[in-house]
Amino acid sequence: MATIKDVAKHAGVAISTASAAINRSAPVSDEVIAKVEAAVRDIGYVPHAAAQSLRMGQSRLIGLILPDITNPHFANVARVVESVCLEAGFMAAVYSTNEDFDRERQILRMMRAQRVAGLIIIPTRSDAAHGARLAGEIHVPTVLLDSYIDGLPYDVVKLDNVGAGRLATDYLLGLGHRRIAVTTGRDNIITGGDRLQGYLEAHAAFGVPVDPHLQITGKFLQAVAHDNTLALMRAPAPPTAIFALSNMMMLGVLNALRELKLSVPDDVSVICIDDFDYANIMNPPPTVVAAPVAKMAQTAIEQLFEEILNKSQPTMAVREFVPELIVRESCRRL
């Protein structure tokens, strides 16, 4: 049986180089990769489960890279992608980046080593510098979901986030609220910036001045939203309503209000973007601006299969979905 030593000898490279080329475990030039892969084919080397991937140049594996699989929104994305992949005879490998670029890069290199057929990515950042780094790690058909980076040659499937922010804030303003706090996202993620833009546009449309002190940092994290909500509600002139830009931040807001023994919605109205699977058992059931998560995930994986199976080139199209206001019991009229 052929060994990695035989591959290295046939390709005229060191054993460590042959291993790096096969596993993508270290930087290797495209020329060396081609020589090693030719040697693998010539001598019939079988690197365990990767054998079929090397012979075909790709596997029947789809990589799904998310910020946090514990978030119900992203869990729903994973559920849809896994189901569609299974029906199409593919497997889905789901990884969480925890919003960390180094972890994201490590995952992408692992996916490349596994010869994934394609990727669906919710990127950790939205800035151009990150886009350039990301493009350097991607060598297969790819679709960006939820968040995006301008200039990358990939199709994008996303929510109308400006519209979502506008919809939530319009609703609160229509109920008579004039001091509406907002938990902001992260500066390097365009999703939060777009949702905040909707918040600002709604205030402008109603002719209501925006108090910058009511914009509190949330970073899309439950703990951060919790801590800053506590500080906000203990300050003079607290808001009558709080708009959380994500479901996890809403949980942080609700926990803080509970600790302060404030009632929702009697003392403070609360609304967020992204729904909860368990909304009916929450007290009170939250009013939300919901994304059509299943449709968005379905669209993303179908577009990816179009590029993989038909060898179609990405169109760089942005498919934007319309948010929906779901009125429940966490907001009241003033």
# chains A, B, ... in the order shown; residues from 1 in each chain; ligands from 1
$ residues_around --residues "Ala92 of chain A" --least-positions-apart "6" --cutoff "8 Å" --atoms "only C-alpha atoms" --output "PDB file with N, CA and C atoms, in the first residue's frame"
ATOM      1  N   LEU A  61     -19.628  17.465   0.303  1.00  0.00           N
ATOM      2  CA  LEU A  61     -19.743  18.109   1.598  1.00  0.00           C
ATOM      3  C   LEU A  61     -19.946  19.610   1.414  1.00  0.00           C
ATOM      4  N   ILE A  62     -20.925  20.154   2.132  1.00  0.00           N
ATOM      5  CA  ILE A  62     -21.185  21.589   2.128  1.00  0.00           C
ATOM      6  C   ILE A  62     -20.804  22.146   3.490  1.00  0.00           C
ATOM      7  N   GLY A  63     -20.020  23.194   3.498  1.00  0.00           N
ATOM      8  CA  GLY A  63     -19.640  23.839   4.749  1.00  0.00           C
ATOM      9  C   GLY A  63     -20.590  24.984   5.069  1.00  0.00           C
ATOM     10  N   LEU A  64     -21.131  24.961   6.281  1.00  0.00           N
ATOM     11  CA  LEU A  64     -22.004  26.035   6.758  1.00  0.00           C
ATOM     12  C   LEU A  64     -21.321  26.675   7.957  1.00  0.00           C
ATOM     13  N   VAL A  81     -30.567  24.007   5.931  1.00  0.00           N
ATOM     14  CA  VAL A  81     -29.449  23.636   5.052  1.00  0.00           C
ATOM     15  C   VAL A  81     -29.164  22.143   5.138  1.00  0.00           C
ATOM     16  N   GLU A  82     -29.151  21.590   6.334  1.00  0.00           N
ATOM     17  CA  GLU A  82     -28.912  20.153   6.495  1.00  0.00           C
ATOM     18  C   GLU A  82     -29.964  19.337   5.774  1.00  0.00           C
ATOM     19  N   CYS A  85     -29.523  19.615   1.928  1.00  0.00           N
ATOM     20  CA  CYS A  85     -28.324  18.878   1.534  1.00  0.00           C
ATOM     21  C   CYS A  85     -28.593  17.379   1.512  1.00  0.00           C
ATOM     22  N   LEU A  86     -29.248  16.877   2.530  1.00  0.00           N
ATOM     23  CA  LEU A  86     -29.538  15.448   2.614  1.00  0.00           C
ATOM     24  C   LEU A  86     -30.379  14.997   1.436  1.00  0.00           C
TER      25      LEU A  86
END
$ residues_around --residues "Ala8 of chain A" --least-positions-apart "5" --cutoff "12 Å" --atoms "only C-alpha atoms" --output "short mmCIF file (atom, residue, chain, number, x, y, z; two decimals) with C-alpha atoms, in the first residue's frame"
data_model
loop_
_atom_site.label_atom_id
_atom_site.label_comp_id
_atom_site.auth_asym_id
_atom_site.auth_seq_id
_atom_site.Cartn_x
_atom_site.Cartn_y
_atom_site.Cartn_z
CA ALA A 2 1.33 3.43 -0.99
CA THR A 3 2.39 5.78 1.80
CA VAL A 13 9.03 17.13 -2.54
CA ALA A 14 9.67 16.67 1.16
CA ILE A 15 7.29 14.45 3.15
CA SER A 16 6.19 17.47 5.22
CA THR A 17 5.41 19.38 2.03
CA ALA A 18 3.39 16.49 0.62
CA SER A 19 1.43 16.29 3.85
CA ALA A 20 0.80 20.03 3.88
CA ALA A 21 -0.40 19.93 0.28
CA ILE A 22 -2.83 17.08 0.97
CA VAL A 32 3.23 22.07 -5.53
CA ILE A 33 -0.38 21.12 -4.71
CA LYS A 35 2.28 17.98 -8.31
CA VAL A 36 1.33 16.25 -5.07
CA GLU A 37 -2.23 15.57 -6.18
CA ALA A 38 -0.89 14.15 -9.47
CA ALA A 39 1.43 11.88 -7.46
CA VAL A 40 -1.50 10.77 -5.29
CA ASP A 42 -0.43 8.15 -10.11
CA ILE A 43 0.49 5.84 -7.24
CA TYR A 45 -2.36 6.73 -2.40
#
$ select_by_dssp --residues "segment 57-203 of chain A" --states "strand (DSSP E)" --output "ChimeraX atom specification"
/A:61-66,91-96,118-121,142-145,155-159,180-184
$ write_last_selection --atoms "N, CA, C and O atoms" --output "CSV table (one decimal), in the first residue's frame"
chain,number,residue,atom,x,y,z
A,61,LEU,N,-19.6,17.5,0.3
A,61,LEU,CA,-19.7,18.1,1.6
A,61,LEU,C,-19.9,19.6,1.4
A,61,LEU,O,-19.2,20.2,0.6
A,62,ILE,N,-20.9,20.2,2.1
A,62,ILE,CA,-21.2,21.6,2.1
A,62,ILE,C,-20.8,22.1,3.5
A,62,ILE,O,-21.2,21.6,4.5
A,63,GLY,N,-20.0,23.2,3.5
A,63,GLY,CA,-19.6,23.8,4.7
A,63,GLY,C,-20.6,25.0,5.1
A,63,GLY,O,-20.9,25.8,4.2
A,64,LEU,N,-21.1,25.0,6.3
A,64,LEU,CA,-22.0,26.0,6.8
A,64,LEU,C,-21.3,26.7,8.0
A,64,LEU,O,-21.1,26.0,9.0
A,65,ILE,N,-20.9,27.9,7.8
A,65,ILE,CA,-20.2,28.6,8.9
A,65,ILE,C,-21.0,29.7,9.4
A,65,ILE,O,-21.4,30.7,8.8
A,66,LEU,N,-21.3,29.6,10.7
A,66,LEU,CA,-22.2,30.5,11.4
A,66,LEU,C,-21.5,31.2,12.6
A,66,LEU,O,-20.5,30.7,13.1
A,91,MET,N,-23.8,16.2,2.3
A,91,MET,CA,-23.7,16.3,3.8
A,91,MET,C,-23.3,17.8,4.1
A,91,MET,O,-22.6,18.4,3.4
A,92,ALA,N,-23.8,18.2,5.3
A,92,ALA,CA,-23.5,19.6,5.8
A,92,ALA,C,-22.6,19.5,7.0
A,92,ALA,O,-22.9,18.7,7.9
A,93,ALA,N,-21.5,20.2,6.9
A,93,ALA,CA,-20.7,20.4,8.1
A,93,ALA,C,-20.9,21.7,8.7
A,93,ALA,O,-20.7,22.7,8.0
A,94,VAL,N,-21.4,21.8,9.9
A,94,VAL,CA,-21.8,23.1,10.5
A,94,VAL,C,-20.8,23.5,11.6
A,94,VAL,O,-20.4,22.7,12.5
A,95,TYR,N,-20.2,24.7,11.5
A,95,TYR,CA,-19.3,25.2,12.4
A,95,TYR,C,-19.6,26.6,12.9
A,95,TYR,O,-20.2,27.4,12.1
A,96,SER,N,-19.3,26.9,14.2
A,96,SER,CA,-19.5,28.2,14.7
A,96,SER,C,-18.2,29.0,14.8
A,96,SER,O,-17.2,28.4,15.3
A,118,GLY,N,-18.8,23.4,-1.6
A,118,GLY,CA,-19.2,24.8,-1.5
A,118,GLY,C,-19.4,25.2,-0.1
A,118,GLY,O,-19.4,24.4,0.8
A,119,LEU,N,-19.6,26.5,0.1
A,119,LEU,CA,-19.7,27.1,1.4
A,119,LEU,C,-20.9,28.1,1.5
A,119,LEU,O,-21.2,28.8,0.5
A,120,ILE,N,-21.6,28.1,2.6
A,120,ILE,CA,-22.5,29.2,3.0
A,120,ILE,C,-21.9,29.8,4.2
A,120,ILE,O,-21.6,29.1,5.2
A,121,ILE,N,-21.6,31.1,4.2
A,121,ILE,CA,-20.9,31.8,5.2
A,121,ILE,C,-21.7,33.0,5.7
A,121,ILE,O,-22.2,33.8,5.0
A,142,THR,N,-19.4,29.9,-3.3
A,142,THR,CA,-19.8,30.4,-1.9
A,142,THR,C,-20.9,31.3,-2.0
A,142,THR,O,-21.1,32.1,-3.0
A,143,VAL,N,-21.8,31.3,-1.0
A,143,VAL,CA,-22.9,32.2,-0.9
A,143,VAL,C,-22.8,32.8,0.5
A,143,VAL,O,-22.6,32.1,1.5
A,144,LEU,N,-23.0,34.1,0.6
A,144,LEU,CA,-23.0,34.8,1.9
A,144,LEU,C,-24.4,35.0,2.3
A,144,LEU,O,-25.3,35.4,1.6
A,145,LEU,N,-24.6,34.7,3.6
A,145,LEU,CA,-26.0,34.8,4.2
A,145,LEU,C,-26.0,35.8,5.3
A,145,LEU,O,-25.1,35.8,6.1
A,155,ASP,N,-22.7,35.6,-4.4
A,155,ASP,CA,-24.1,35.9,-4.2
A,155,ASP,C,-24.4,36.1,-2.7
A,155,ASP,O,-23.8,35.5,-1.9
A,156,VAL,N,-25.4,37.0,-2.5
A,156,VAL,CA,-25.7,37.3,-1.1
A,156,VAL,C,-27.2,37.1,-0.9
A,156,VAL,O,-28.1,37.5,-1.7
A,157,VAL,N,-27.6,36.5,0.2
A,157,VAL,CA,-29.0,36.4,0.7
A,157,VAL,C,-29.1,37.0,2.0
A,157,VAL,O,-28.4,36.6,3.0
A,158,LYS,N,-30.0,38.0,2.1
A,158,LYS,CA,-30.0,38.8,3.4
A,158,LYS,C,-31.4,39.3,3.6
A,158,LYS,O,-32.3,39.4,2.7
A,159,LEU,N,-31.6,39.8,4.9
A,159,LEU,CA,-32.8,40.5,5.2
A,159,LEU,C,-32.7,42.0,4.9
A,159,LEU,O,-31.6,42.5,4.9
A,180,ILE,N,-37.1,56.0,23.0
A,180,ILE,CA,-36.9,54.6,22.6
A,180,ILE,C,-35.4,54.3,22.6
A,180,ILE,O,-34.6,54.9,21.8
A,181,ALA,N,-35.0,53.5,23.5
A,181,ALA,CA,-33.6,53.0,23.5
A,181,ALA,C,-33.3,52.0,22.5
A,181,ALA,O,-34.3,51.3,22.1
A,182,VAL,N,-32.1,51.8,22.1
A,182,VAL,CA,-31.7,50.8,21.1
A,182,VAL,C,-30.4,50.2,21.6
A,182,VAL,O,-29.5,50.9,21.9
A,183,THR,N,-30.4,48.8,21.6
A,183,THR,CA,-29.1,48.1,21.8
A,183,THR,C,-28.4,47.9,20.5
A,183,THR,O,-28.9,47.2,19.6
A,184,THR,N,-27.3,48.5,20.3
A,184,THR,CA,-26.6,48.4,19.0
A,184,THR,C,-25.8,47.2,18.9
A,184,THR,O,-25.6,46.4,19.8
$ atom_distance --atom1 "atom CA of Glu104 of chain A" --atom2 "atom CA of Ala297 of chain A"
19.8 Å
$ select_by_dssp --residues "segment 68-306 of chain A" --states "helix (DSSP H, G or I)" --output "NGL selection string"
:A and (72-87 or 101-113 or 128-137 or 161-174 or 190-206 or 212-214 or 222-234 or 247-259 or 279-281 or 293-306)
$ write_last_selection --atoms "C-alpha atoms" --output "mmCIF file, in the first residue's frame"
data_model
loop_
_atom_site.group_PDB
_atom_site.id
_atom_site.type_symbol
_atom_site.label_atom_id
_atom_site.label_comp_id
_atom_site.auth_asym_id
_atom_site.auth_seq_id
_atom_site.Cartn_x
_atom_site.Cartn_y
_atom_site.Cartn_z
ATOM 1 C CA PRO A 72 -32.181 30.028 17.553
ATOM 2 C CA HIS A 73 -31.916 32.078 14.363
ATOM 3 C CA PHE A 74 -28.745 30.319 13.231
ATOM 4 C CA ALA A 75 -29.969 26.938 14.462
ATOM 5 C CA ASN A 76 -32.948 27.313 12.120
ATOM 6 C CA VAL A 77 -30.586 28.130 9.246
ATOM 7 C CA ALA A 78 -28.600 24.974 9.978
ATOM 8 C CA ARG A 79 -31.752 22.862 10.130
ATOM 9 C CA VAL A 80 -32.884 23.959 6.663
ATOM 10 C CA VAL A 81 -29.449 23.636 5.052
ATOM 11 C CA GLU A 82 -28.912 20.153 6.495
ATOM 12 C CA SER A 83 -32.319 19.011 5.249
ATOM 13 C CA VAL A 84 -31.838 20.320 1.702
ATOM 14 C CA CYS A 85 -28.324 18.878 1.534
ATOM 15 C CA LEU A 86 -29.538 15.448 2.614
ATOM 16 C CA GLU A 87 -32.245 15.435 -0.061
ATOM 17 C CA PHE A 101 -11.729 35.763 12.584
ATOM 18 C CA ASP A 102 -8.858 33.436 13.497
ATOM 19 C CA ARG A 103 -11.371 30.678 14.196
ATOM 20 C CA GLU A 104 -13.185 31.511 10.951
ATOM 21 C CA ARG A 105 -9.907 31.227 9.019
ATOM 22 C CA GLN A 106 -9.079 27.918 10.721
ATOM 23 C CA ILE A 107 -12.499 26.528 9.772
ATOM 24 C CA LEU A 108 -12.107 27.656 6.164
ATOM 25 C CA ARG A 109 -8.727 25.931 5.912
ATOM 26 C CA MET A 110 -10.183 22.741 7.375
ATOM 27 C CA MET A 111 -13.016 22.917 4.850
ATOM 28 C CA ARG A 112 -10.521 23.344 2.036
ATOM 29 C CA ALA A 113 -8.589 20.303 3.260
ATOM 30 C CA ALA A 128 -13.191 45.500 3.007
ATOM 31 C CA ALA A 129 -9.930 44.384 4.632
ATOM 32 C CA HIS A 130 -11.665 41.350 6.078
ATOM 33 C CA GLY A 131 -13.261 40.687 2.698
ATOM 34 C CA ALA A 132 -9.833 40.545 1.087
ATOM 35 C CA ARG A 133 -8.611 38.098 3.743
ATOM 36 C CA LEU A 134 -11.737 35.997 3.389
ATOM 37 C CA ALA A 135 -11.465 35.810 -0.401
ATOM 38 C CA GLY A 136 -7.922 34.503 -0.027
ATOM 39 C CA GLU A 137 -9.207 31.526 1.970
ATOM 40 C CA ASN A 161 -32.160 45.165 7.716
ATOM 41 C CA VAL A 162 -32.773 48.886 7.265
ATOM 42 C CA GLY A 163 -36.434 48.059 6.691
ATOM 43 C CA ALA A 164 -36.470 45.797 9.751
ATOM 44 C CA GLY A 165 -35.070 48.554 11.973
ATOM 45 C CA ARG A 166 -37.547 51.029 10.514
ATOM 46 C CA LEU A 167 -40.489 48.643 11.014
ATOM 47 C CA ALA A 168 -39.752 48.043 14.710
ATOM 48 C CA THR A 169 -39.180 51.720 15.480
ATOM 49 C CA ASP A 170 -42.212 52.877 13.481
ATOM 50 C CA TYR A 171 -44.346 50.537 15.562
ATOM 51 C CA LEU A 172 -43.100 51.947 18.867
ATOM 52 C CA LEU A 173 -43.412 55.551 17.673
ATOM 53 C CA GLY A 174 -46.931 54.779 16.488
ATOM 54 C CA ILE A 190 -23.029 45.838 8.619
ATOM 55 C CA THR A 191 -26.190 44.112 9.874
ATOM 56 C CA GLY A 192 -26.254 46.147 13.072
ATOM 57 C CA GLY A 193 -25.424 49.361 11.240
ATOM 58 C CA ASP A 194 -28.303 48.855 8.803
ATOM 59 C CA ARG A 195 -30.779 48.114 11.591
ATOM 60 C CA LEU A 196 -29.654 51.197 13.473
ATOM 61 C CA GLN A 197 -30.085 53.223 10.284
ATOM 62 C CA GLY A 198 -33.719 52.106 10.181
ATOM 63 C CA TYR A 199 -34.155 53.269 13.777
ATOM 64 C CA LEU A 200 -32.762 56.700 12.876
ATOM 65 C CA GLU A 201 -34.862 56.990 9.709
ATOM 66 C CA ALA A 202 -38.057 56.224 11.627
ATOM 67 C CA HIS A 203 -37.327 58.988 14.128
ATOM 68 C CA ALA A 204 -36.675 61.430 11.301
ATOM 69 C CA ALA A 205 -39.921 60.484 9.572
ATOM 70 C CA PHE A 206 -41.897 61.118 12.783
ATOM 71 C CA PRO A 212 -27.726 59.628 21.675
ATOM 72 C CA HIS A 213 -27.743 58.560 25.329
ATOM 73 C CA LEU A 214 -30.451 56.037 24.455
ATOM 74 C CA GLN A 222 -26.863 38.825 25.705
ATOM 75 C CA ALA A 223 -24.473 39.681 28.557
ATOM 76 C CA VAL A 224 -23.442 43.061 27.125
ATOM 77 C CA ALA A 225 -27.050 44.066 26.447
ATOM 78 C CA HIS A 226 -27.961 42.997 29.986
ATOM 79 C CA ASP A 227 -25.260 45.051 31.684
ATOM 80 C CA ASN A 228 -25.873 48.197 29.661
ATOM 81 C CA THR A 229 -29.634 47.952 30.090
ATOM 82 C CA LEU A 230 -29.149 47.884 33.870
ATOM 83 C CA ALA A 231 -27.065 51.066 33.685
ATOM 84 C CA LEU A 232 -29.520 52.777 31.330
ATOM 85 C CA MET A 233 -32.602 52.052 33.442
ATOM 86 C CA ARG A 234 -30.873 53.254 36.617
ATOM 87 C CA ASN A 247 -33.081 38.221 19.733
ATOM 88 C CA MET A 248 -30.124 37.388 21.984
ATOM 89 C CA MET A 249 -29.795 41.021 23.008
ATOM 90 C CA MET A 250 -33.509 41.054 23.796
ATOM 91 C CA LEU A 251 -32.956 38.212 26.259
ATOM 92 C CA GLY A 252 -30.292 40.318 27.956
ATOM 93 C CA VAL A 253 -32.666 43.290 28.083
ATOM 94 C CA LEU A 254 -35.493 41.203 29.561
ATOM 95 C CA ASN A 255 -33.198 39.702 32.199
ATOM 96 C CA ALA A 256 -32.036 43.163 33.240
ATOM 97 C CA LEU A 257 -35.595 44.459 33.510
ATOM 98 C CA ARG A 258 -36.570 41.444 35.596
ATOM 99 C CA GLU A 259 -33.677 42.079 37.976
ATOM 100 C CA ALA A 279 -42.125 32.795 21.968
ATOM 101 C CA ASN A 280 -45.476 31.392 23.083
ATOM 102 C CA ILE A 281 -44.068 30.314 26.468
ATOM 103 C CA VAL A 293 -35.299 32.393 8.033
ATOM 104 C CA ALA A 294 -36.367 29.171 6.317
ATOM 105 C CA LYS A 295 -36.892 30.899 2.952
ATOM 106 C CA MET A 296 -33.574 32.697 3.214
ATOM 107 C CA ALA A 297 -31.666 29.512 4.054
ATOM 108 C CA GLN A 298 -33.471 27.595 1.289
ATOM 109 C CA THR A 299 -32.595 30.300 -1.225
ATOM 110 C CA ALA A 300 -28.951 30.287 -0.157
ATOM 111 C CA ILE A 301 -28.470 26.528 -0.495
ATOM 112 C CA GLU A 302 -30.385 26.389 -3.797
ATOM 113 C CA GLN A 303 -28.194 29.137 -5.237
ATOM 114 C CA LEU A 304 -25.106 27.294 -4.030
ATOM 115 C CA PHE A 305 -26.244 24.041 -5.674
ATOM 116 C CA GLU A 306 -26.897 25.957 -8.903
#
$ atom_distance --atom1 "atom CA of Ser246 of chain A" --atom2 "atom CA of Val270 of chain A"
11.7 Å
$ closest_residue --among "A:Glu329, A:Asp6, A:Glu320, A:Asp127" --to "Ser269 of chain A" --atoms "only C-alpha atoms"
A:Glu329
